[in-house]
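Asks: Handing you a structure now.
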2 protein chains.
Amino acid sequence: MARQSHIKLEELAEPLEEARLAFEKLDGLLGYRLRRAQASMHRDYMATVAGLDLTQKQTATLWLVHANPGVSQGSVAAALGMDRATMMSIVDRLEDRSLVIRKRSVTDRRRQELHLTPGGQDILRKVKARIAKHEERFKSLFTPQELELLLAALQKIQNA
Amino acid sequence: MARQSHIKLEELAEPLEEARLAFEKLDGLLGYRLRRAQASMHRDYMATVAGLDLTQKQTATLWLVHANPGVSQGSVAAALGMDRATMMSIVDRLEDRSLVIRKRSVTDRRRQELHLTPGGQDILRKVKARIAKHEERFKSLFTPQELELLLAALQKIQNA
DNA sequence: CGCAAATAGTATGTTTCACATACAAACAAC
DNA sequence: GTTGTTTGTATGTGAAACATACTATTTGCG
């Protein structure tokens with residue numbers, strides 16, 4: 001209330017330029033809304049895990065390798081919806097940081113079996129703990145029913 | 001039915017490696033689901049507008065400039081949640097392709113007023129037509145009520 | 001008024017990721 | 001055993017996010 005008396009003239013002016021642009025249905029597009037929501041969560045994610053230096057995809061890769069010791073690069077790529085080349089560079093970076101190791105498969109020597117190093121397991125534990133809070137911040141925006149519907153809707157879109 | 005007789009041994013084996021990885025709650029994360037859904041729509045978007053060579057952000061920029069002739073770069077950036085540097089490179093590319101023009105403002109010579117060229121208006125019209133079908137494909141996954149809830153939820157996340 | 005602070009745009013560089021293409025080694029199918 | 005497929009690898013391109021620093025301009029305030 002009292003704050004209104006501090007409002008400068010400029011803050012009340014320029015309603016078109018500074019405050020509100022005409023969106024003309026752009027904000028009614030599912031693709032647009034999805035992208036903005038993702039960007040918002042991504043920013044919060046990056047702030048949440050700051051210092052650990054793990055992107056969402058790097059974390060997802062560590063996560064799956066931990067849950068499936070010895071998986072091949074290709075399987076992880078397929079499970080996460082990335083192509084081999086992209087997975088390659090992700091694993092390269094994780095291996096450079098000694099978070100995962102590649103091990104040639106003995107049954108199929110084309111394959112690289114992926115395993116977490118102790119350091120990889122350690123950082124995964126830390127990032128999981130931080131993600132839990134980050135997730136809670138966003139999930140708490142919704143009731144359990146709303147959340148379930150939202151997750152189901154997102155999966156539907158993913159599989160469309 | 002008859003196809004089952006053609007199934008190779010290999011297609012039945014490797015249930016762990018090829019078919020289903022353990023996800024251990026990764027797929028219960030809102031951030032993960034959101035990212036996968038966005039990636040899916042993004043891929044479909046790119047396929048939909050193939051040949052026009054406009055990314056989502058480039059299109060959104062054209063869209064807002066068209067709806068708000070003469071907006072400043074910074075306003076568009078703020079409206080779309082990008083920083084100045086990112087907006088800069090987007091406008092650079094659009095200007096290189098002669099889809100938008102920059103015009104120094106006469107009332108505030110720091111500002112660049114953005115306008116669509118005829119070519120920019122033309123390509124925007126085309127991309128809008130294609131986006132309509134792309135949007136319809138995904139929106140038709142939901143009932144009107146579900147869709148409204150979904151859009152509201154995404155906006156909530158964006159503003160969190 | 002005049003100077004300090006804020007603002008708009010610009011330039012530059014780093015990092016991540018998606019995708020395309022091409023290639024080699026290993027394996028599978030017939 | 002040759003042919004075709006799969007797995008990983010190498011290489012290059014392009015989009016985008018972000019950080020930092022710099023200039024020009026405008027605004028705020030004493």
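Convention: chains lettered A, B, ... in structure tokens order; per-chain residue numbering from 1; ligands numbered from 1 as shown.
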Can you give me the C-alpha RMSD, to one decimal in Å, for chain B fitted onto chain A with all Cα atoms paired in order?

Replies: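 It comes to 0.4 Å after superposition.
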
Asks: Within 12 Å of D:DT13, counting only C-alpha atoms (C1' of nucleotides), which residues qualify if same-chain residues fewer than 5 places away don't, as a VMD selection string?

Replies: chain C and resid 18 to 21

Asks: Could you turn the residues from that selection into a file that holds N, CA, C and O atoms (P, O5', C5', C4', C3', O3' and C1' of nucleotides), as a CSV table (one decimal), in the first residue's frame?

Replies:
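Once everything was written out, this is out.csv:
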chain,number,residue,atom,x,y,z
C,18,DA,P,20.4,-32.9,-27.2
C,18,DA,O5',20.3,-32.3,-28.7
C,18,DA,C5',19.3,-31.4,-29.1
C,18,DA,C4',19.3,-31.2,-30.6
C,18,DA,C3',19.1,-32.6,-31.3
C,18,DA,O3',18.2,-32.5,-32.4
C,18,DA,C1',21.1,-31.5,-32.0
C,19,DC,P,17.6,-33.7,-33.0
C,19,DC,O5',18.4,-33.7,-34.5
C,19,DC,C5',18.6,-32.5,-35.1
C,19,DC,C4',19.7,-32.6,-36.1
C,19,DC,C3',19.8,-34.0,-36.8
C,19,DC,O3',19.7,-33.8,-38.2
C,19,DC,C1',21.9,-33.2,-36.2
C,20,DA,P,19.3,-35.0,-39.1
C,20,DA,O5',20.3,-34.8,-40.4
C,20,DA,C5',20.9,-33.5,-40.5
C,20,DA,C4',22.3,-33.7,-41.2
C,20,DA,C3',22.4,-35.1,-42.0
C,20,DA,O3',22.8,-34.9,-43.3
C,20,DA,C1',24.2,-34.7,-40.5
C,21,DT,P,22.8,-36.1,-44.4
C,21,DT,O5',24.3,-36.4,-44.5
C,21,DT,C5',25.3,-35.4,-44.3
C,21,DT,C4',26.7,-36.0,-44.2
C,21,DT,C3',26.8,-37.4,-44.9
C,21,DT,O3',27.9,-37.4,-45.8
C,21,DT,C1',27.7,-37.4,-42.7

Asks: Counting only C-alpha atoms (C1' of nucleotides), which residues of chain C sit at most 9 Å from some atom of chain B, and what is each one's closest atom pair with its distance in Å to one decimal, listed by chain and rising residue number, as a Markdown table?

Replies:
| residue | atom | partner | partner_atom | distance |
| --- | --- | --- | --- | --- |
| C:DT7 | C1' | B:Arg110 | CA | 8.3 |
| C:DA8 | C1' | B:Arg110 | CA | 5.1 |
| C:DG9 | C1' | B:Arg110 | CA | 6.8 |
| C:DT10 | C1' | B:Met88 | CA | 8.2 |

Asks: Please check the contacts: residues of chain B at most 7 Å away from chain A, using only C-alpha atoms, listed as a ChimeraX atom specification.

Replies: /B:17-18,21-24,29-31,33-38,40-41,64,67-68,71,75,135,138,150-151,154-155,157-158

Asks: Would you please work out which residue, of A:Leu62, A:Met46, A:Leu54, A:Val100, is nearest to chain D when using only C-alpha atoms (C1' of nucleotides)?

Replies: A:Met46

Asks: Got a sec: who's within 12 Å of C:DA4, counting only C-alpha atoms (C1' of nucleotides), leaving out chain neighbours fewer than 5 positions off, as a PyMOL selection string?

Replies: chain D and resi 27-30

Asks: Using only C-alpha atoms (C1' of nucleotides), which residues sit within 12 Å of C:DG13 once same-chain residues fewer than 6 positions away are excluded, as number ranges by chain?

Replies: D: 18-21

Asks: For all heavy atoms, I'd like the residues from the last selection saved as a PDB file, in the first residue's frame.

Replies:
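Below you can see selection.pdb, which holds the result:
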ATOM      1  P    DC D  18      20.152 -18.776 -19.646  1.00  0.00           P
ATOM      2  OP1  DC D  18      19.709 -19.549 -18.475  1.00  0.00           O
ATOM      3  OP2  DC D  18      19.351 -17.652 -20.163  1.00  0.00           O
ATOM      4  O5'  DC D  18      21.616 -18.240 -19.355  1.00  0.00           O
ATOM      5  C5'  DC D  18      22.683 -19.175 -19.193  1.00  0.00           C
ATOM      6  C4'  DC D  18      24.002 -18.452 -19.294  1.00  0.00           C
ATOM      7  O4'  DC D  18      24.361 -18.231 -20.660  1.00  0.00           O
ATOM      8  C3'  DC D  18      24.009 -17.070 -18.627  1.00  0.00           C
ATOM      9  O3'  DC D  18      24.829 -17.137 -17.476  1.00  0.00           O
ATOM     10  C2'  DC D  18      24.569 -16.142 -19.694  1.00  0.00           C
ATOM     11  C1'  DC D  18      25.221 -17.113 -20.671  1.00  0.00           C
ATOM     12  N1   DC D  18      25.350 -16.597 -22.062  1.00  0.00           N
ATOM     13  C2   DC D  18      26.591 -16.665 -22.692  1.00  0.00           C
ATOM     14  O2   DC D  18      27.541 -17.166 -22.086  1.00  0.00           O
ATOM     15  N3   DC D  18      26.717 -16.184 -23.958  1.00  0.00           N
ATOM     16  C4   DC D  18      25.659 -15.656 -24.575  1.00  0.00           C
ATOM     17  N4   DC D  18      25.832 -15.199 -25.823  1.00  0.00           N
ATOM     18  C5   DC D  18      24.383 -15.574 -23.945  1.00  0.00           C
ATOM     19  C6   DC D  18      24.271 -16.046 -22.699  1.00  0.00           C
ATOM     20  P    DA D  19      24.964 -15.904 -16.472  1.00  0.00           P
ATOM     21  OP1  DA D  19      24.791 -16.452 -15.116  1.00  0.00           O
ATOM     22  OP2  DA D  19      24.116 -14.785 -16.954  1.00  0.00           O
ATOM     23  O5'  DA D  19      26.481 -15.472 -16.665  1.00  0.00           O
ATOM     24  C5'  DA D  19      27.475 -16.447 -16.955  1.00  0.00           C
ATOM     25  C4'  DA D  19      28.735 -15.722 -17.393  1.00  0.00           C
ATOM     26  O4'  DA D  19      28.701 -15.528 -18.826  1.00  0.00           O
ATOM     27  C3'  DA D  19      28.875 -14.335 -16.752  1.00  0.00           C
ATOM     28  O3'  DA D  19      30.160 -14.225 -16.158  1.00  0.00           O
ATOM     29  C2'  DA D  19      28.675 -13.366 -17.904  1.00  0.00           C
ATOM     30  C1'  DA D  19      29.054 -14.194 -19.130  1.00  0.00           C
ATOM     31  N9   DA D  19      28.334 -13.798 -20.338  1.00  0.00           N
ATOM     32  C8   DA D  19      26.973 -13.657 -20.488  1.00  0.00           C
ATOM     33  N7   DA D  19      26.608 -13.289 -21.695  1.00  0.00           N
ATOM     34  C5   DA D  19      27.810 -13.178 -22.391  1.00  0.00           C
ATOM     35  C6   DA D  19      28.108 -12.814 -23.713  1.00  0.00           C
ATOM     36  N6   DA D  19      27.179 -12.496 -24.612  1.00  0.00           N
ATOM     37  N1   DA D  19      29.406 -12.809 -24.086  1.00  0.00           N
ATOM     38  C2   DA D  19      30.338 -13.130 -23.167  1.00  0.00           C
ATOM     39  N3   DA D  19      30.180 -13.490 -21.888  1.00  0.00           N
ATOM     40  C4   DA D  19      28.878 -13.491 -21.556  1.00  0.00           C
ATOM     41  P    DT D  20      30.505 -12.934 -15.229  1.00  0.00           P
ATOM     42  OP1  DT D  20      31.370 -13.446 -14.153  1.00  0.00           O
ATOM     43  OP2  DT D  20      29.267 -12.197 -14.912  1.00  0.00           O
ATOM     44  O5'  DT D  20      31.378 -12.007 -16.194  1.00  0.00           O
ATOM     45  C5'  DT D  20      32.187 -12.612 -17.181  1.00  0.00           C
ATOM     46  C4'  DT D  20      32.745 -11.549 -18.106  1.00  0.00           C
ATOM     47  O4'  DT D  20      31.919 -11.470 -19.305  1.00  0.00           O
ATOM     48  C3'  DT D  20      32.784 -10.147 -17.506  1.00  0.00           C
ATOM     49  O3'  DT D  20      34.068  -9.595 -17.716  1.00  0.00           O
ATOM     50  C2'  DT D  20      31.694  -9.398 -18.273  1.00  0.00           C
ATOM     51  C1'  DT D  20      31.714 -10.107 -19.612  1.00  0.00           C
ATOM     52  N1   DT D  20      30.458 -10.022 -20.396  1.00  0.00           N
ATOM     53  C2   DT D  20      30.542  -9.796 -21.755  1.00  0.00           C
ATOM     54  O2   DT D  20      31.598  -9.668 -22.340  1.00  0.00           O
ATOM     55  N3   DT D  20      29.332  -9.737 -22.398  1.00  0.00           N
ATOM     56  C4   DT D  20      28.078  -9.856 -21.842  1.00  0.00           C
ATOM     57  O4   DT D  20      27.074  -9.773 -22.536  1.00  0.00           O
ATOM     58  C5   DT D  20      28.061 -10.085 -20.411  1.00  0.00           C
ATOM     59  C7   DT D  20      26.752 -10.227 -19.698  1.00  0.00           C
ATOM     60  C6   DT D  20      29.241 -10.153 -19.762  1.00  0.00           C
ATOM     61  P    DA D  21      34.496  -8.252 -16.889  1.00  0.00           P
ATOM     62  OP1  DA D  21      35.754  -8.549 -16.178  1.00  0.00           O
ATOM     63  OP2  DA D  21      33.336  -7.709 -16.151  1.00  0.00           O
ATOM     64  O5'  DA D  21      34.811  -7.291 -18.103  1.00  0.00           O
ATOM     65  C5'  DA D  21      35.328  -7.845 -19.324  1.00  0.00           C
ATOM     66  C4'  DA D  21      35.022  -6.900 -20.465  1.00  0.00           C
ATOM     67  O4'  DA D  21      33.674  -7.137 -20.960  1.00  0.00           O
ATOM     68  C3'  DA D  21      35.063  -5.411 -20.070  1.00  0.00           C
ATOM     69  O3'  DA D  21      35.764  -4.694 -21.060  1.00  0.00           O
ATOM     70  C2'  DA D  21      33.592  -5.015 -20.032  1.00  0.00           C
ATOM     71  C1'  DA D  21      33.035  -5.898 -21.140  1.00  0.00           C
ATOM     72  N9   DA D  21      31.600  -6.099 -21.096  1.00  0.00           N
ATOM     73  C8   DA D  21      30.823  -6.405 -20.014  1.00  0.00           C
ATOM     74  N7   DA D  21      29.541  -6.529 -20.285  1.00  0.00           N
ATOM     75  C5   DA D  21      29.480  -6.284 -21.653  1.00  0.00           C
ATOM     76  C6   DA D  21      28.402  -6.261 -22.556  1.00  0.00           C
ATOM     77  N6   DA D  21      27.142  -6.496 -22.204  1.00  0.00           N
ATOM     78  N1   DA D  21      28.692  -5.983 -23.846  1.00  0.00           N
ATOM     79  C2   DA D  21      29.959  -5.735 -24.193  1.00  0.00           C
ATOM     80  N3   DA D  21      31.047  -5.739 -23.431  1.00  0.00           N
ATOM     81  C4   DA D  21      30.737  -6.021 -22.161  1.00  0.00           C
TER      82       DA D  21
END

Asks: With DSSP run on the backbone, what are the strand (DSSP E) residues within stretch 28-119 of chain A? I'd like them as a PyMOL selection string.

Replies: chain A and resi 100-104+112-116

Asks: Keeping only all heavy atoms, write the selected residues as a PDB file, in the first residue's frame.

Replies:
ATOM      1  N   VAL A 100      32.421 -41.456 -15.304  1.00  0.00           N
ATOM      2  CA  VAL A 100      32.053 -42.769 -15.866  1.00  0.00           C
ATOM      3  C   VAL A 100      33.277 -43.371 -16.542  1.00  0.00           C
ATOM      4  O   VAL A 100      34.240 -42.658 -16.852  1.00  0.00           O
ATOM      5  CB  VAL A 100      30.905 -42.669 -16.914  1.00  0.00           C
ATOM      6  CG1 VAL A 100      29.713 -41.934 -16.375  1.00  0.00           C
ATOM      7  CG2 VAL A 100      31.400 -42.026 -18.186  1.00  0.00           C
ATOM      8  N   ILE A 101      33.235 -44.693 -16.728  1.00  0.00           N
ATOM      9  CA  ILE A 101      34.278 -45.334 -17.523  1.00  0.00           C
ATOM     10  C   ILE A 101      33.616 -46.159 -18.615  1.00  0.00           C
ATOM     11  O   ILE A 101      32.510 -46.675 -18.448  1.00  0.00           O
ATOM     12  CB  ILE A 101      35.191 -46.245 -16.676  1.00  0.00           C
ATOM     13  CG1 ILE A 101      34.348 -47.199 -15.829  1.00  0.00           C
ATOM     14  CG2 ILE A 101      36.112 -45.436 -15.798  1.00  0.00           C
ATOM     15  CD1 ILE A 101      35.150 -48.254 -15.114  1.00  0.00           C
ATOM     16  N   ARG A 102      34.299 -46.253 -19.731  1.00  0.00           N
ATOM     17  CA  ARG A 102      33.868 -47.099 -20.840  1.00  0.00           C
ATOM     18  C   ARG A 102      34.647 -48.406 -20.760  1.00  0.00           C
ATOM     19  O   ARG A 102      35.858 -48.403 -20.518  1.00  0.00           O
ATOM     20  CB  ARG A 102      34.185 -46.417 -22.169  1.00  0.00           C
ATOM     21  CG  ARG A 102      33.230 -45.302 -22.544  1.00  0.00           C
ATOM     22  CD  ARG A 102      33.486 -44.825 -23.974  1.00  0.00           C
ATOM     23  NE  ARG A 102      33.949 -43.456 -23.996  1.00  0.00           N
ATOM     24  CZ  ARG A 102      33.335 -42.473 -24.664  1.00  0.00           C
ATOM     25  NH1 ARG A 102      32.243 -42.713 -25.343  1.00  0.00           N
ATOM     26  NH2 ARG A 102      33.809 -41.252 -24.651  1.00  0.00           N
ATOM     27  N   LYS A 103      33.930 -49.486 -20.975  1.00  0.00           N
ATOM     28  CA  LYS A 103      34.578 -50.799 -20.919  1.00  0.00           C
ATOM     29  C   LYS A 103      34.078 -51.611 -22.104  1.00  0.00           C
ATOM     30  O   LYS A 103      32.880 -51.871 -22.221  1.00  0.00           O
ATOM     31  CB  LYS A 103      34.153 -51.514 -19.627  1.00  0.00           C
ATOM     32  CG  LYS A 103      35.282 -51.910 -18.704  1.00  0.00           C
ATOM     33  CD  LYS A 103      34.675 -52.595 -17.508  1.00  0.00           C
ATOM     34  CE  LYS A 103      35.690 -53.207 -16.573  1.00  0.00           C
ATOM     35  NZ  LYS A 103      35.028 -53.665 -15.324  1.00  0.00           N
ATOM     36  N   ARG A 104      34.975 -52.001 -22.973  1.00  0.00           N
ATOM     37  CA  ARG A 104      34.577 -52.794 -24.125  1.00  0.00           C
ATOM     38  C   ARG A 104      33.868 -54.067 -23.653  1.00  0.00           C
ATOM     39  O   ARG A 104      34.392 -54.783 -22.783  1.00  0.00           O
ATOM     40  CB  ARG A 104      35.844 -53.175 -24.914  1.00  0.00           C
ATOM     41  CG  ARG A 104      35.617 -53.357 -26.378  1.00  0.00           C
ATOM     42  CD  ARG A 104      36.042 -52.117 -27.161  1.00  0.00           C
ATOM     43  NE  ARG A 104      34.991 -51.686 -28.058  1.00  0.00           N
ATOM     44  CZ  ARG A 104      35.048 -50.590 -28.799  1.00  0.00           C
ATOM     45  NH1 ARG A 104      36.083 -49.792 -28.734  1.00  0.00           N
ATOM     46  NH2 ARG A 104      34.040 -50.260 -29.586  1.00  0.00           N
ATOM     47  N   GLN A 112      30.378 -50.440 -25.902  1.00  0.00           N
ATOM     48  CA  GLN A 112      31.060 -49.894 -24.742  1.00  0.00           C
ATOM     49  C   GLN A 112      30.110 -50.004 -23.568  1.00  0.00           C
ATOM     50  O   GLN A 112      29.028 -49.425 -23.575  1.00  0.00           O
ATOM     51  CB  GLN A 112      31.391 -48.412 -24.971  1.00  0.00           C
ATOM     52  CG  GLN A 112      32.374 -48.153 -26.079  1.00  0.00           C
ATOM     53  CD  GLN A 112      33.809 -48.341 -25.639  1.00  0.00           C
ATOM     54  OE1 GLN A 112      34.102 -49.109 -24.726  1.00  0.00           O
ATOM     55  NE2 GLN A 112      34.708 -47.646 -26.307  1.00  0.00           N
ATOM     56  N   GLU A 113      30.509 -50.749 -22.567  1.00  0.00           N
ATOM     57  CA  GLU A 113      29.693 -50.820 -21.361  1.00  0.00           C
ATOM     58  C   GLU A 113      30.071 -49.668 -20.449  1.00  0.00           C
ATOM     59  O   GLU A 113      31.247 -49.405 -20.210  1.00  0.00           O
ATOM     60  CB  GLU A 113      29.920 -52.161 -20.659  1.00  0.00           C
ATOM     61  CG  GLU A 113      29.477 -53.352 -21.503  1.00  0.00           C
ATOM     62  CD  GLU A 113      29.706 -54.680 -20.790  1.00  0.00           C
ATOM     63  OE1 GLU A 113      30.473 -54.710 -19.817  1.00  0.00           O
ATOM     64  OE2 GLU A 113      29.120 -55.680 -21.241  1.00  0.00           O
ATOM     65  N   LEU A 114      29.040 -49.003 -19.956  1.00  0.00           N
ATOM     66  CA  LEU A 114      29.279 -47.826 -19.117  1.00  0.00           C
ATOM     67  C   LEU A 114      29.104 -48.165 -17.642  1.00  0.00           C
ATOM     68  O   LEU A 114      28.176 -48.899 -17.268  1.00  0.00           O
ATOM     69  CB  LEU A 114      28.325 -46.702 -19.508  1.00  0.00           C
ATOM     70  CG  LEU A 114      28.391 -46.260 -20.978  1.00  0.00           C
ATOM     71  CD1 LEU A 114      27.378 -45.148 -21.249  1.00  0.00           C
ATOM     72  CD2 LEU A 114      29.793 -45.805 -21.343  1.00  0.00           C
ATOM     73  N   HIS A 115      29.981 -47.635 -16.845  1.00  0.00           N
ATOM     74  CA  HIS A 115      29.915 -47.809 -15.389  1.00  0.00           C
ATOM     75  C   HIS A 115      30.252 -46.484 -14.722  1.00  0.00           C
ATOM     76  O   HIS A 115      31.028 -45.702 -15.263  1.00  0.00           O
ATOM     77  CB  HIS A 115      30.921 -48.875 -14.924  1.00  0.00           C
ATOM     78  CG  HIS A 115      30.668 -50.241 -15.472  1.00  0.00           C
ATOM     79  ND1 HIS A 115      29.886 -51.177 -14.827  1.00  0.00           N
ATOM     80  CD2 HIS A 115      31.094 -50.827 -16.617  1.00  0.00           C
ATOM     81  CE1 HIS A 115      29.839 -52.283 -15.555  1.00  0.00           C
ATOM     82  NE2 HIS A 115      30.560 -52.105 -16.645  1.00  0.00           N
ATOM     83  N   LEU A 116      29.656 -46.264 -13.547  1.00  0.00           N
ATOM     84  CA  LEU A 116      30.015 -45.076 -12.777  1.00  0.00           C
ATOM     85  C   LEU A 116      31.297 -45.345 -11.996  1.00  0.00           C
ATOM     86  O   LEU A 116      31.487 -46.440 -11.473  1.00  0.00           O
ATOM     87  CB  LEU A 116      28.905 -44.707 -11.793  1.00  0.00           C
ATOM     88  CG  LEU A 116      27.591 -44.177 -12.359  1.00  0.00           C
ATOM     89  CD1 LEU A 116      26.797 -43.493 -11.253  1.00  0.00           C
ATOM     90  CD2 LEU A 116      27.821 -43.217 -13.506  1.00  0.00           C
TER      91      LEU A 116
END

Asks: Find the residues of chain D in contact range of chain A, meaning any atom within 12 Å when counting only C-alpha atoms (C1' of nucleotides), and list them as number ranges by chain.

Replies: D: 6-11, 16-18, 27-28

Asks: Apply DSSP to the backbone of this structure and, from chain B, keep only the residues in alpha helix (DSSP H); write these as a ChimeraX atom specification.

Replies: /B:9-12,30-48,56-67,73-80,84-96,118-139,144-159

Asks: Would you work out the distance separating atom CA of B:Leu99 from atom CA of B:Met87, expressed in Å to one decimal?

Replies: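 We find that atom CA of B:Leu99 and atom CA of B:Met87 lie 14.8 Å from each other.
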
Asks: What does the distance between atom C1' of D:DT5 and atom CA of A:Thr107 come to in Å, to one decimal place?

Replies: 17.5 Å

Asks: What is the atom CA of B:Ala47-atom CA of B:Gly119 distance in Å, reported with one decimal?

Replies: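 These atoms are spaced 21.6 Å apart.
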
Asks: For a quick check of understanding, using only C-alpha atoms (C1' of nucleotides), which of B:Ser105, B:Ser89, B:Ile123, B:Pro144 has the smallest distance to D:DA15?

Replies: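 Comparing B:Ser105, B:Ser89, B:Ile123, B:Pro144 against D:DA15, the winner is B:Ser89.
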